[in-house]
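A.B. asks: Quick one, query_35.txt (compact mmCIF, C-alpha atoms):
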```txt
# COMPACT_ATOMS: atom_id res chain seq x y z
CA MET A 22 0.00 0.00 0.00
CA PRO A 23 1.59 3.33 -1.05
CA VAL A 24 1.79 5.78 1.86
CA LEU A 25 2.83 9.45 1.99
CA CYS A 26 3.88 11.37 5.08
CA ARG A 27 2.29 14.82 4.93
CA ASP A 28 4.84 16.26 7.35
CA CYS A 29 8.18 15.26 5.79
CA LEU A 30 6.87 14.07 2.37
CA THR A 31 8.50 10.65 2.72
CA ALA A 32 6.87 7.97 0.53
CA PHE A 33 6.87 4.41 1.86
CA ASP A 34 4.95 1.13 1.75
CA GLY A 35 2.55 0.19 4.54
CA GLY A 36 2.41 1.40 8.11
CA THR A 37 0.50 4.03 10.09
CA ARG A 38 3.51 6.15 11.07
CA CYS A 39 6.22 7.70 8.96
CA PRO A 40 9.47 5.70 9.33
CA ALA A 41 11.50 8.89 8.81
CA CYS A 42 9.88 11.39 11.21
CA ARG A 43 7.42 9.14 13.12
CA SER A 44 4.50 11.42 12.25
CA PRO A 45 1.02 9.84 12.25
CA ARG A 46 -0.13 12.35 9.60
CA VAL A 47 0.06 9.94 6.70
CA THR A 48 -2.17 9.24 3.70
CA ALA A 49 -2.39 5.68 2.39
CA HIS A 50 -4.22 4.53 -0.72
CA PRO A 51 -3.64 1.93 -3.47
CA GLU A 52 -3.99 4.61 -6.18
CA LEU A 53 -2.27 7.42 -4.26
CA PHE A 54 0.46 8.02 -6.84
CA ASP A 55 -1.71 7.36 -9.92
CA LEU A 56 -4.40 10.06 -9.57
CA SER A 57 -4.01 13.63 -10.83
CA ILE A 58 -7.27 15.63 -10.49
CA ALA A 59 -7.41 17.61 -7.26
CA HIS A 60 -9.56 20.08 -5.38
CA MET A 61 -7.87 22.35 -2.82
CA ASP A 62 -10.04 24.19 -0.32
CA CYS A 63 -8.66 26.53 2.34
CA ASP A 64 -9.87 25.84 5.87
CA ALA A 65 -12.27 28.58 7.11
CA PHE A 66 -10.33 30.99 4.89
CA TYR A 67 -11.49 34.44 6.03
CA ALA A 68 -11.43 33.44 9.70
CA SER A 69 -7.97 31.88 9.28
CA VAL A 70 -6.61 35.11 7.82
CA GLU A 71 -8.09 37.09 10.71
CA LYS A 72 -6.54 34.74 13.28
CA ARG A 73 -3.21 34.90 11.50
CA ASP A 74 -3.21 38.70 11.56
CA ASP A 75 -4.46 38.96 15.16
CA PRO A 76 -2.88 36.27 17.37
CA SER A 77 -5.19 37.21 20.25
CA LEU A 78 -8.00 35.51 18.29
CA ARG A 79 -6.15 32.22 17.95
CA ASP A 80 -8.06 30.24 20.61
CA ARG A 81 -11.34 32.15 20.38
CA PRO A 82 -14.44 31.50 18.25
CA VAL A 83 -14.35 33.92 15.32
CA ILE A 84 -17.20 34.84 12.99
CA VAL A 85 -16.54 36.90 9.89
CA GLY A 86 -19.64 38.73 8.70
CA GLY A 87 -22.05 41.60 9.14
CA GLY A 88 -23.80 43.07 12.16
CA THR A 89 -26.56 41.56 14.25
CA ARG A 90 -28.90 41.43 11.23
CA GLY A 91 -26.30 40.39 8.70
CA VAL A 92 -25.19 36.88 7.86
CA VAL A 93 -22.12 34.77 8.59
CA SER A 94 -19.60 34.90 5.75
CA THR A 95 -17.51 32.20 7.40
CA CYS A 96 -16.48 31.12 10.87
CA CYS A 97 -13.60 29.25 12.45
CA TYR A 98 -13.83 25.63 13.53
CA ILE A 99 -14.18 26.58 17.20
CA ALA A 100 -17.40 28.46 16.35
CA ARG A 101 -18.58 25.53 14.23
CA ILE A 102 -18.50 23.29 17.29
CA SER A 103 -21.35 25.45 18.65
CA GLY A 104 -23.33 24.97 15.44
CA VAL A 105 -22.44 28.21 13.63
CA ARG A 106 -22.40 27.85 9.83
CA SER A 107 -21.80 30.03 6.78
CA ALA A 108 -24.85 31.99 5.52
CA MET A 109 -26.52 31.69 8.95
CA PRO A 110 -28.24 34.87 10.18
CA MET A 111 -25.92 36.67 12.59
CA PHE A 112 -28.47 36.85 15.41
CA GLN A 113 -28.85 33.07 15.29
CA ALA A 114 -25.07 32.54 15.21
CA LEU A 115 -24.61 34.74 18.29
CA LYS A 116 -27.33 32.86 20.14
CA LEU A 117 -25.47 29.61 19.48
CA CYS A 118 -22.06 31.11 20.28
CA PRO A 119 -22.48 34.32 22.33
CA GLU A 120 -18.77 34.45 23.17
CA ALA A 121 -17.79 34.68 19.49
CA VAL A 122 -15.71 37.59 18.20
CA VAL A 123 -17.40 39.12 15.13
CA VAL A 124 -15.00 40.57 12.55
CA LYS A 125 -15.98 42.58 9.50
CA PRO A 126 -14.69 41.10 6.22
CA ARG A 127 -11.49 42.61 4.75
CA MET A 128 -11.86 41.59 1.14
CA GLU A 129 -8.74 43.35 -0.11
CA VAL A 130 -6.63 41.30 2.35
CA TYR A 131 -8.33 38.03 1.39
CA VAL A 132 -7.81 38.77 -2.31
CA GLY A 133 -4.11 39.38 -1.66
CA VAL A 134 -3.67 36.04 0.16
CA SER A 135 -5.66 34.28 -2.57
CA ARG A 136 -3.26 35.64 -5.18
CA GLN A 137 -0.29 34.29 -3.21
CA ILE A 138 -1.87 30.83 -3.07
CA ARG A 139 -2.65 31.00 -6.78
CA ALA A 140 1.02 31.82 -7.51
CA MET A 141 2.07 28.70 -5.60
CA MET A 142 -0.36 26.59 -7.62
CA GLU A 143 0.93 28.02 -10.89
CA GLU A 144 4.41 26.73 -10.04
CA MET A 145 2.87 23.23 -10.12
CA THR A 146 0.55 23.40 -13.14
CA PRO A 147 -1.10 25.94 -15.46
CA ALA A 148 -4.33 23.90 -15.37
CA ILE A 149 -6.07 25.69 -12.48
CA GLU A 150 -9.79 26.41 -12.24
CA PRO A 151 -10.61 28.79 -9.35
CA LEU A 152 -14.07 28.43 -7.86
CA SER A 153 -13.67 31.29 -5.38
CA LEU A 154 -10.90 33.08 -3.50
CA ASP A 155 -10.22 30.03 -1.34
CA GLU A 156 -10.74 26.97 -3.52
CA ALA A 157 -9.73 25.65 -6.93
CA PHE A 158 -9.47 22.55 -9.06
CA LEU A 159 -6.03 21.51 -10.33
CA ASP A 160 -5.13 19.08 -13.10
CA LEU A 161 -1.65 17.69 -12.45
CA THR A 162 -1.68 15.16 -15.29
CA GLY A 163 1.78 14.86 -16.81
CA THR A 164 3.54 16.98 -14.17
CA ALA A 165 5.44 14.13 -12.47
CA ARG A 166 8.28 14.16 -15.00
CA LEU A 167 8.61 17.94 -14.83
CA HIS A 168 8.72 18.14 -11.02
CA GLY A 169 10.25 14.76 -10.27
CA ALA A 170 7.36 13.80 -7.98
CA PRO A 171 3.79 12.48 -8.40
CA PRO A 172 0.79 14.81 -7.96
CA ALA A 173 0.10 13.62 -4.41
CA VAL A 174 3.53 14.78 -3.28
CA LEU A 175 3.17 18.12 -5.05
CA LEU A 176 -0.18 18.72 -3.35
CA ALA A 177 1.17 17.85 0.10
CA ARG A 178 4.06 20.23 -0.58
CA LEU A 179 1.58 22.97 -1.52
CA LEU A 180 -0.27 22.57 1.78
CA GLN A 181 3.03 22.76 3.63
CA ARG A 182 4.03 25.97 1.84
CA MET A 183 0.66 27.59 2.48
CA GLU A 184 0.91 26.88 6.18
CA ARG A 185 4.58 27.78 6.53
CA GLU A 186 4.74 30.90 4.33
CA LEU A 187 1.19 32.29 4.59
CA GLY A 188 -0.11 30.89 7.88
CA ILE A 189 -3.14 29.41 6.09
CA THR A 190 -4.17 25.75 6.17
CA GLY A 191 -6.01 23.87 3.46
CA SER A 192 -7.49 20.48 2.63
CA VAL A 193 -7.00 18.49 -0.56
CA GLY A 194 -9.18 15.95 -2.34
CA LEU A 195 -7.46 13.76 -4.95
CA SER A 196 -9.35 11.60 -7.44
CA HIS A 197 -9.86 10.81 -11.12
CA ASN A 198 -12.41 13.55 -11.85
CA LYS A 199 -13.62 16.93 -10.53
CA PHE A 200 -16.84 15.67 -8.95
CA LEU A 201 -15.06 13.15 -6.73
CA ALA A 202 -12.08 15.41 -5.99
CA LYS A 203 -14.42 18.05 -4.55
CA ILE A 204 -16.23 15.48 -2.42
CA ALA A 205 -12.89 14.14 -1.18
CA SER A 206 -11.65 17.57 -0.05
CA ASP A 207 -14.55 17.78 2.44
CA LEU A 208 -14.00 14.35 4.00
CA ASP A 209 -11.26 15.24 6.47
CA LYS A 210 -11.23 18.97 7.17
CA PRO A 211 -9.30 20.84 8.45
CA ARG A 212 -5.75 20.04 7.22
CA GLY A 213 -7.07 17.02 5.39
CA PHE A 214 -5.82 14.96 2.46
CA SER A 215 -8.36 12.45 1.17
CA VAL A 216 -8.35 10.16 -1.85
CA ILE A 217 -11.17 8.50 -3.81
CA GLY A 218 -9.78 6.01 -6.31
CA ARG A 219 -11.34 4.48 -9.39
CA ALA A 220 -11.70 1.02 -7.84
CA GLU A 221 -13.71 2.24 -4.84
CA THR A 222 -15.86 4.88 -6.59
CA ALA A 223 -19.03 2.78 -6.94
CA ASP A 224 -18.96 1.42 -3.38
CA PHE A 225 -18.15 4.83 -1.89
CA LEU A 226 -20.97 6.64 -3.68
CA ARG A 227 -23.67 4.03 -3.17
CA ALA A 228 -24.13 4.81 0.52
CA GLN A 229 -23.97 8.61 0.19
CA PRO A 230 -27.02 10.93 0.46
CA VAL A 231 -27.95 12.77 -2.74
CA ARG A 232 -27.08 16.10 -1.11
CA ILE A 233 -23.40 15.18 -1.44
CA ILE A 234 -23.74 15.82 -5.17
CA TRP A 235 -22.41 19.25 -6.04
CA GLY A 236 -25.31 21.48 -7.15
CA VAL A 237 -28.06 19.59 -5.30
CA GLY A 238 -29.52 22.32 -3.14
CA THR A 239 -32.61 22.45 -0.97
CA ALA A 240 -35.06 22.73 -3.88
CA THR A 241 -33.52 19.88 -5.89
CA GLN A 242 -33.23 17.69 -2.81
CA SER A 243 -36.91 18.28 -2.03
CA ALA A 244 -37.90 17.36 -5.60
CA LEU A 245 -35.79 14.20 -5.43
CA GLU A 246 -37.31 13.18 -2.10
CA LYS A 247 -40.80 13.49 -3.59
CA ALA A 248 -39.67 10.91 -6.14
CA GLY A 249 -38.39 8.65 -3.36
CA ILE A 250 -34.73 9.49 -3.98
CA ARG A 251 -32.78 10.18 -0.81
CA ALA A 252 -29.53 8.32 -1.36
CA ILE A 253 -27.37 7.72 -4.42
CA SER A 254 -28.37 4.06 -4.15
CA ASP A 255 -31.92 5.23 -4.94
CA LEU A 256 -30.66 7.07 -8.04
CA LEU A 257 -28.91 3.93 -9.25
CA ARG A 258 -32.27 2.13 -9.50
CA TRP A 259 -33.61 4.63 -12.04
CA GLU A 260 -33.14 4.29 -15.78
CA LYS A 261 -31.56 7.28 -17.44
CA GLN A 262 -34.57 8.01 -19.64
CA ASP A 263 -36.88 8.02 -16.61
CA LEU A 264 -34.68 10.49 -14.74
CA VAL A 265 -34.54 12.73 -17.81
CA ALA A 266 -38.31 12.54 -18.23
CA ARG A 267 -38.81 13.53 -14.58
CA PHE A 268 -36.00 16.07 -14.06
CA GLY A 269 -34.81 17.12 -17.54
CA GLN A 270 -31.08 17.78 -18.01
CA THR A 271 -30.59 17.60 -14.26
CA GLY A 272 -31.78 13.99 -14.41
CA GLU A 273 -29.14 13.05 -16.96
CA ARG A 274 -26.44 14.78 -14.93
CA LEU A 275 -27.54 12.94 -11.77
CA TRP A 276 -27.50 9.58 -13.60
CA HIS A 277 -23.85 10.05 -14.58
CA LEU A 278 -22.67 11.49 -11.24
CA ALA A 279 -24.35 8.67 -9.29
CA ARG A 280 -21.96 6.38 -11.17
CA GLY A 281 -18.95 8.61 -10.53
CA GLU A 282 -18.82 9.78 -14.14
CA ASP A 283 -17.71 13.35 -14.74
CA ARG A 284 -16.06 14.32 -18.02
CA ARG A 285 -15.64 18.01 -17.27
CA ARG A 286 -12.11 19.23 -17.75
CA VAL A 287 -10.26 21.49 -15.33
CA SER A 288 -10.74 24.72 -17.25
CA GLN A 289 -8.30 27.62 -16.95
CA ASP A 290 -10.92 29.81 -18.62
CA HIS A 291 -13.59 29.25 -15.98
CA ALA A 292 -15.33 32.61 -16.11
CA LEU A 293 -16.49 34.63 -13.13
CA LYS A 294 -20.00 35.77 -14.02
CA SER A 295 -20.41 38.72 -11.66
CA ILE A 296 -18.90 40.67 -8.78
CA SER A 297 -21.27 41.96 -6.11
CA LYS A 298 -21.48 43.12 -2.52
CA GLU A 299 -24.46 43.66 -0.28
CA THR A 300 -25.13 44.71 3.28
CA THR A 301 -27.97 43.96 5.69
CA PHE A 302 -28.86 46.83 8.03
CA ASN A 303 -29.07 46.52 11.80
CA GLU A 304 -32.35 48.41 11.54
CA ASP A 305 -34.53 48.89 8.47
CA THR A 306 -33.95 52.30 6.94
CA GLY A 307 -35.35 54.55 4.27
CA ASP A 308 -33.06 57.48 5.09
CA PRO A 309 -31.71 58.67 1.71
CA GLU A 310 -28.43 59.94 3.21
CA ILE A 311 -27.70 56.62 4.90
CA LEU A 312 -28.67 54.66 1.79
CA ASP A 313 -26.48 56.89 -0.39
CA GLY A 314 -23.51 56.27 1.90
CA HIS A 315 -24.05 52.53 1.65
CA LEU A 316 -24.33 52.73 -2.14
CA TRP A 317 -20.94 54.42 -2.30
CA ARG A 318 -19.25 51.96 0.05
CA LEU A 319 -20.67 48.98 -1.83
CA ALA A 320 -19.62 50.45 -5.18
CA GLU A 321 -16.12 50.97 -3.79
CA GLN A 322 -15.91 47.38 -2.58
CA VAL A 323 -17.14 46.00 -5.91
CA SER A 324 -14.63 48.22 -7.68
CA ASP A 325 -11.81 47.01 -5.43
CA ARG A 326 -12.65 43.37 -6.17
CA ALA A 327 -12.84 44.03 -9.90
CA LYS A 328 -9.48 45.82 -9.90
CA ALA A 329 -7.88 43.06 -7.81
CA ARG A 330 -8.98 40.48 -10.36
CA GLY A 331 -8.22 42.57 -13.43
CA LEU A 332 -11.88 42.66 -14.52
CA CYS A 333 -14.52 45.22 -15.45
CA GLY A 334 -18.26 44.97 -16.09
CA ARG A 335 -20.66 46.12 -18.78
CA THR A 336 -23.78 45.90 -16.58
CA VAL A 337 -24.47 47.46 -13.16
CA THR A 338 -27.05 45.85 -10.85
CA LEU A 339 -28.88 47.24 -7.83
CA LYS A 340 -30.58 44.93 -5.32
CA LEU A 341 -33.01 46.05 -2.61
CA LYS A 342 -34.83 43.97 -0.01
CA ARG A 343 -37.82 45.61 1.62
CA THR A 344 -39.10 45.08 5.16
CA ASP A 345 -41.60 42.51 3.86
CA PHE A 346 -38.64 40.59 2.31
CA ALA A 347 -39.75 41.46 -1.23
CA ILE A 348 -36.68 41.81 -3.45
CA VAL A 349 -36.35 44.55 -6.07
CA THR A 350 -33.61 44.15 -8.70
CA ARG A 351 -32.68 46.70 -11.36
CA ARG A 352 -29.98 46.49 -14.06
CA HIS A 353 -28.48 48.89 -16.56
CA ALA A 354 -26.23 47.93 -19.49
CA LEU A 355 -23.40 50.41 -20.01
CA GLN A 356 -22.05 51.61 -23.34
CA GLY A 357 -18.54 50.78 -22.13
CA ALA A 358 -17.19 48.44 -19.46
CA THR A 359 -16.10 49.88 -16.11
CA GLN A 360 -14.29 49.01 -12.88
CA SER A 361 -14.49 52.57 -11.56
CA ALA A 362 -16.11 53.01 -8.14
CA ASP A 363 -17.38 56.43 -9.23
CA ARG A 364 -19.10 55.03 -12.33
CA ILE A 365 -20.56 52.03 -10.52
CA TYR A 366 -21.89 54.29 -7.75
CA ARG A 367 -23.48 56.79 -10.16
CA GLU A 368 -25.18 54.04 -12.16
CA ALA A 369 -26.43 52.33 -8.98
CA ARG A 370 -27.68 55.65 -7.63
CA ALA A 371 -29.57 56.29 -10.88
CA LEU A 372 -31.13 52.83 -10.66
CA PHE A 373 -32.14 53.52 -7.06
CA ASP A 374 -33.77 56.83 -7.98
CA ALA A 375 -35.57 55.26 -10.95
CA ALA A 376 -36.83 52.27 -8.94
CA ARG A 377 -39.04 54.52 -6.77
CA SER A 378 -39.53 51.57 -4.47
CA PRO A 379 -40.99 52.59 -1.12
CA GLY A 380 -38.72 51.86 1.81
CA PRO A 381 -37.71 51.18 4.41
CA PHE A 382 -35.19 48.55 3.36
CA ARG A 383 -33.41 45.78 5.25
CA LEU A 384 -30.75 45.10 2.60
CA ILE A 385 -29.05 46.89 -0.27
CA GLY A 386 -26.61 45.45 -2.80
CA VAL A 387 -24.55 46.59 -5.80
CA GLY A 388 -22.87 44.48 -8.47
CA ILE A 389 -21.41 44.35 -11.96
CA SER A 390 -21.81 41.59 -14.53
CA ASP A 391 -21.11 40.81 -18.18
CA LEU A 392 -17.46 40.84 -17.15
CA THR A 393 -14.47 41.38 -19.38
CA ARG A 394 -10.75 42.06 -18.99
CA GLY A 395 -9.77 45.12 -16.98
CA GLU A 396 -7.83 46.73 -19.80
CA GLU A 397 -11.10 47.08 -21.71
CA ALA A 398 -12.48 49.49 -19.11
CA THR A 399 -13.70 52.74 -20.64
CA VAL A 400 -11.65 55.71 -19.41
CA THR A 401 -12.85 58.38 -21.85
CA GLY A 402 -15.18 61.18 -20.93
CA ASP A 403 -18.96 61.19 -21.28
CA LEU A 404 -20.61 63.87 -23.44
CA LEU A 405 -23.39 64.07 -20.86
CA ASP A 406 -20.91 64.17 -17.96
CA PRO A 407 -17.85 66.25 -18.93
CA PHE A 408 -16.23 65.76 -15.49
CA ALA A 409 -16.31 61.92 -15.63
CA GLU A 410 -12.78 61.62 -17.01
CA ARG A 411 -11.43 63.97 -14.33
CA ARG A 412 -13.08 61.92 -11.56
CA GLN A 413 -11.66 58.68 -12.99
CA ALA A 414 -8.18 60.21 -13.05
CA ALA A 415 -8.62 61.23 -9.40
CA GLU A 416 -9.74 57.68 -8.56
CA ARG A 417 -6.64 56.20 -10.20
CA ALA A 418 -4.46 58.57 -8.18
CA THR A 419 -6.34 57.57 -5.01
CA ASP A 420 -5.72 53.88 -5.78
CA GLU A 421 -1.99 54.54 -6.12
CA ILE A 422 -1.85 56.42 -2.79
CA ARG A 423 -3.80 53.70 -0.99
CA ALA A 424 -1.56 51.00 -2.45
CA ARG A 425 1.44 52.84 -1.03
CA PHE A 426 0.18 54.15 2.31
CA GLY A 427 -2.80 51.94 3.17
CA ARG A 428 -6.50 51.87 2.52
CA ASP A 429 -7.35 54.60 5.06
CA ALA A 430 -4.88 57.09 3.57
CA ILE A 431 -7.77 58.73 1.63
CA ILE A 432 -11.43 58.45 2.63
CA LYS A 433 -14.29 60.14 0.78
CA GLY A 434 -16.70 62.10 2.94
CA ARG A 435 -19.56 60.27 1.24
CA SER A 436 -18.36 56.99 2.79
CA LEU A 437 -18.79 58.41 6.32
CA ARG A 438 -22.56 58.75 6.01
```
Now, as a test, write the supplied structure out as structure tokens.
C.D. replies:
Amino acid sequence: MPVLCRDCLTAFDGGTRCPACRSPRVTAHPELFDLSIAHMDCDAFYASVEKRDDPSLRDRPVIVGGGTRGVVSTCCYIARISGVRSAMPMFQALKLCPEAVVVKPRMEVYVGVSRQIRAMMEEMTPAIEPLSLDEAFLDLTGTARLHGAPPAVLLARLLQRMERELGITGSVGLSHNKFLAKIASDLDKPRGFSVIGRAETADFLRAQPVRIIWGVGTATQSALEKAGIRAISDLLRWEKQDLVARFGQTGERLWHLARGEDRRRVSQDHALKSISKETTFNEDTGDPEILDGHLWRLAEQVSDRAKARGLCGRTVTLKLKRTDFAIVTRRHALQGATQSADRIYREARALFDAARSPGPFRLIGVGISDLTRGEEATVTGDLLDPFAERRQAAERATDEIRARFGRDAIIKGRSLR
């Protein structure tokens, strides 16, 4: 049985401890050195960055997210012991874990760490498909000759570098396709390294609930349960044509995945569809000054994310949620793409004014979509707004100053509302 020590990277046959360093952190699998499709997922990424940057938080439950009426972006594993989960309303999370420290997200810091991790991955393979700031698929097929080590060793080395150089831990799933690699990365978090081989695929999947399938959310799971499908073993009893007749294209996809079949390639060109940011208020508000301040801050945050990723958008979106939870969404297609906070704010403000939706509101959001490369951003003036080019030049100068002296070096008065 091939075995790999995840501490000293020694490969050996058989045993539960490394013969070189005596570490029990070993991964053993018959196909360990034959598989090359991986999924790497950072462990509680935002919370891990916050604990790294503030050692006083190390042994405390940490929740990253909004105020008492916001939601949990992520939380550390200490908070998860109390039942706190991502996307949980903040008031519920604080009931479960009242001693938790709540930290506001620092997206520009997370983006920076994500870029460092991405650079490490690119030293291993160009075939990387990011799913978010903290997770990605990697195809390491054919890299053994180049690096002098099989993919499993390269992945263990990546996790070591992340922890040693960045102070961030991650978990890896290794398999023969993307579907199984992503499942594997969740099997042993945090600091995990799990393998699902070809020979065991059928037996492993048969006992799993259908919710383990990527993309099966609450609505799909409910529809499947109405058809008597709760486990993958239930799916295996259906003929493909019957699943298609009942669930359409989703049925065909489920038929293949239930058998561990996934022909999707790890795509370097996996496109981000939109960039958005929203905030939930502590108290519902219809105050135009407060709402305008939030519009500017959200536009700035969307702009920062777009600039960090080298992207711009051709469509600006405004999202409002009223007190009765009704959601109002408005979009406007631009004549030229933008990543400018000023332009995003002005378009969102115009959408807000045109919506004429009666407040008060409990949530407001701003986003851009129809994304393209950042160099395609329009920087010329607008005939209807002769000062637009001047404001964009001022924004570029502001970005340069903040990059040199810190984000708080320049603050617009509008953002203080």
A.B. asks: Please identify all polymer residues lying at most 8 Å from the point (-34.9, 55.4, 2.9) (file coordinates), using only C-alpha atoms, and present the result as a list in words.
C.D. replies: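 Selection result: Thr306, Gly307, Asp308, Pro309, Glu310, Ile311, Leu312, Pro379, Gly380, Pro381 and Phe382 of chain A.
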A.B. asks: Compile the contact shell of Asp283 (chain A) as a PyMOL selection string: residues with an atom at most 10 Å away, counting only C-alpha atoms, same-chain residues fewer than 4 positions apart removed.
C.D. replies: chain A and resi 197-201+274+277-279
A.B. asks: Using all atoms listed in the file, which of the listed residues (A:Gly163, A:Gly213, A:Pro23, A:Pro119) sits closest to Pro51 (chain A)?
C.D. replies: A:Pro23
A.B. asks: Quick one, how far is CA of Phe54 (chain A) from CA of Ser288 (chain A)?
C.D. replies: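 Between CA of Phe54 (chain A) and CA of Ser288 (chain A) the gap works out to 22.6 Å.
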A.B. asks: Nearest to Leu208 (chain A) among A:Asp391, A:Glu52, A:Ser69, A:Leu195, with distances taken over only C-alpha atoms: which residue is it?
C.D. replies: A:Leu195
A.B. asks: Name the residues in contact with Ser215 (chain A) at a cut-off of 7 Å, using only C-alpha atoms, excluding same-chain residues fewer than 4 positions from it; report them as a ChimeraX atom specification.
C.D. replies: /A:193-195,205-206,208-209
A.B. asks: Restricting the calculation to all atoms listed in the file: of A:Leu339, A:Ala320, A:Ala173, A:Ala68, which residue gets closest to Ser378 (chain A)?
C.D. replies: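 Smallest separation from Ser378 (chain A) among the options: A:Leu339.
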A.B. asks: Measure the distance from CA of His168 (chain A) to CA of Glu150 (chain A) in Å and round it to one decimal.
C.D. replies: 20.3 Å
A.B. asks: Compare A:Ala371, A:Ile365, A:Leu316, A:Ala327 by their minimum atom-to-atom distance to Gly386 (chain A), counting all atoms listed in the file, and give me the closest one.
C.D. replies: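 The shortest atom-to-atom distance to Gly386 (chain A) comes from A:Leu316.
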A.B. asks: Quick one: distance from CA of Val387 (chain A) to CA of Lys340 (chain A) in Å, one decimal?
C.D. replies: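 Computing the Euclidean distance for CA of Val387 (chain A) and CA of Lys340 (chain A) yields 6.3 Å.
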A.B. asks: Just the residues within 12 Å of region 75-79 of chain A, please, counting all atoms listed in the file, with nothing from its chain fewer than 5 positions along; format it as a list in words.
C.D. replies: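 So the residues in contact are Ala68, Ser69, Val70, Ile84, Cys97, Tyr98, Ile99, Ala100, Glu120, Ala121, Val122, Val123, Val124 and Gly188 of chain A.
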A.B. asks: Save the residues we just selected, C-alpha atoms, as a CSV table (one decimal), keeping the file's coordinate frame?
C.D. replies:
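File produced: part.csv:
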```csv
chain,number,residue,atom,x,y,z
A,68,ALA,CA,-11.4,33.4,9.7
A,69,SER,CA,-8.0,31.9,9.3
A,70,VAL,CA,-6.6,35.1,7.8
A,84,ILE,CA,-17.2,34.8,13.0
A,97,CYS,CA,-13.6,29.2,12.4
A,98,TYR,CA,-13.8,25.6,13.5
A,99,ILE,CA,-14.2,26.6,17.2
A,100,ALA,CA,-17.4,28.5,16.4
A,120,GLU,CA,-18.8,34.4,23.2
A,121,ALA,CA,-17.8,34.7,19.5
A,122,VAL,CA,-15.7,37.6,18.2
A,123,VAL,CA,-17.4,39.1,15.1
A,124,VAL,CA,-15.0,40.6,12.6
A,188,GLY,CA,-0.1,30.9,7.9
```
A.B. asks: Which residue gives the smallest distance to Met111 (chain A) among A:Ala59, A:Cys96, A:Ala170, A:Met183, with all atoms listed in the file counted?
C.D. replies: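 Smallest distance to Met111 (chain A) is found for A:Cys96.
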A.B. asks: Taking only C-alpha atoms into account, which of A:Pro126, A:Gly238, A:Pro151, A:Gly191 comes nearest Val85 (chain A)?
C.D. replies: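 Smallest separation from Val85 (chain A) among the options: A:Pro126.
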A.B. asks: Might you pull out every residue within 12 Å of Phe66 (chain A), with all atoms listed in the file counted and same-chain residues fewer than 5 positions away left off, and present them as a count of residues only?
C.D. replies: 34
A.B. asks: Given the point (4.2, 15.1, -0.6) in the file's coordinates, find the residues that have an atom at most 12 Å from it, counting all atoms listed in the file, and give them as a count of residues only.
C.D. replies: 34
A.B. asks: Near Ile296 (chain A), counting only C-alpha atoms, which residues have an atom at most 9 Å away, once you skip same-chain residues fewer than 5 positions from it, shown as a PyMOL selection string?
C.D. replies: chain A and resi 323-324+326-327+334+387-390+392
